[in-house]
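Down below is the structure, laid out as structure tokens.
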Amino acid sequence: MKFIHLSDLHLGKRVNEFSMLEDQRYILAEILRIIGEERPDGVLIAGDVYDKTVPSAEAVALLDDFLVRLAQLKLQVFVISGNHDSPERIAFGGRLMAGSGVHLAPVYAGRVEPLTLTDAYGPVNLYLLPFLKPAHVRRFFPEQEIGSYTDALAVAVGEMEVDTSLRNVLVTHQFVTGAARCDSEELSVGGTDNVDVSVFAPFDYVALGHLHGPQQVGRETVRYCGTPLKYSFSEVGHHKSVTVVELGEKGQVSVRTVPLKPIRDLAELRGTYEELTFRGFYEGTSWQRDYVHITLTDEEDIPDAVGKLRIIYPNLMKLDYDNKRTRAGVLLDGAEDVQQRSPLDLLEEFYEKQNGQPMGEAQRAFAWSLMETIWEGEA
């Protein structure tokens, strides 16, 4: 059985205030072309379908057109919500759309029932698990000890009662410990949203969404397919693709990728204003079409540099300087990577600097309780 694994379409996204709708329309057409060539049995869309919980009308229309075209190909399509989506909006009309082969994951209610496809080797059970926080799961299992994302996913998967003698596929949207992140993703301080890969042991293939770089985690069959487009300059080095998964008999899974080429790429250029204007005027490269981040190395600021450079590079998204002045401005004493530290650690450090003494045990307990209350309220 063959599947196409997609995720993180982020329809309606703006990058540095540039609308990506035209680029997204183009890349969805490319994906449809690849699907037509590959002729899969199903398409897995692992969350972050939209970029916002309340998407624009244009983004909704784009998804509508994409799903209609997939349904016309007589495919089974499986869609879950991610952390950028509203689970209620993604689930809307799911029972009606299932008749057309488009299966929208319902809002999580404590149990996930499998959807089953069959081929020459027997059934394949697909489990659609939307993005979950511990509070989502704790609501249905108050008797369980759920203090972390790993705990939450372990309980949710345990309740599925997966028959491991059969072939099983999970579609979910989480951050799995050990995966590589980039700047365009939503980060949690201290890595509090980490999920251990061992939670996914019952599944022959895990179609992950959330991270923008294509990669496997732990084993080849636990995989992020990545975004179909580059959504920040931290992704310049990514090679975007569609993931193709083929399940043979139990225990046989092959994974490969098909490259995606955008209508406009992201590029980073560096040099003096004079060097970059010369390159733009006389070299005639694709940079004049691509989205560009320019770093000027001139010691003096160039008046109206953005306006002047956009005559040559019309899709200039970002401009900054790297010179003696800017380097002096960023050398902060004692700067640390806060992503590696827990929220409570950061609060304790701030408290001690403000008050000249460390927090007491009662204050620590109160702060942690308050943080949990706030996080559950955001869930």
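Naming works like this for the structure tokens: A, B, ... for the chains as they're shown, residue 1 at the start of each chain, ligands 1 onward in shown order.
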Among stretch 63-240 of chain A, which ones does DSSP place in alpha helix (DSSP H), written as a VMD selection string?
chain A and resid 63 to 72 87 to 91 94 to 97 134 to 138 149 to 158
For stretch 236-241 of chain A: contacts at 10 Å, only C-alpha atoms, fewer than 6 positions along chain excluded, given as a VMD selection string:
chain A and resid 5 to 6 31 212 to 214 225 to 230 256 to 262 265 to 268
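With distances restricted to only C-alpha atoms, A:Asp85 is the closest residue to A:Val54 from A:Asp85, A:Asp301, A:Glu246, A:Glu113.
The protein and nucleic acid residues lying at most 7 Å from A:Pro130 are Ile80, Ser81, Gly82, Ala105, Tyr108, Thr172 and His173 of chain A, with only C-alpha atoms considered and sequence neighbours fewer than 5 positions away removed.
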Would you mind exporting the chosen residues as a CSV table (one decimal), in the first residue's frame, restricted to C-alpha atoms?
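result.csv was written with the following content:
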chain,number,residue,atom,x,y,z
A,80,ILE,CA,-5.4,16.1,11.1
A,81,SER,CA,-5.1,19.4,12.9
A,82,GLY,CA,-1.8,20.8,14.0
A,105,ALA,CA,-9.8,13.9,12.3
A,108,TYR,CA,-9.8,14.5,20.4
A,172,THR,CA,0.2,12.9,14.3
A,173,HIS,CA,1.6,16.4,15.0
12 Å contact set for A:Gln72, only C-alpha atoms, chain neighbours under 2 positions out, as a VMD selection string:
chain A and resid 32 36 65 to 70 74 to 77 100 to 102
What does the distance from atom CA of A:Asp51 to atom CA of A:Leu344 come to in Å, to one decimal?
29.2 Å
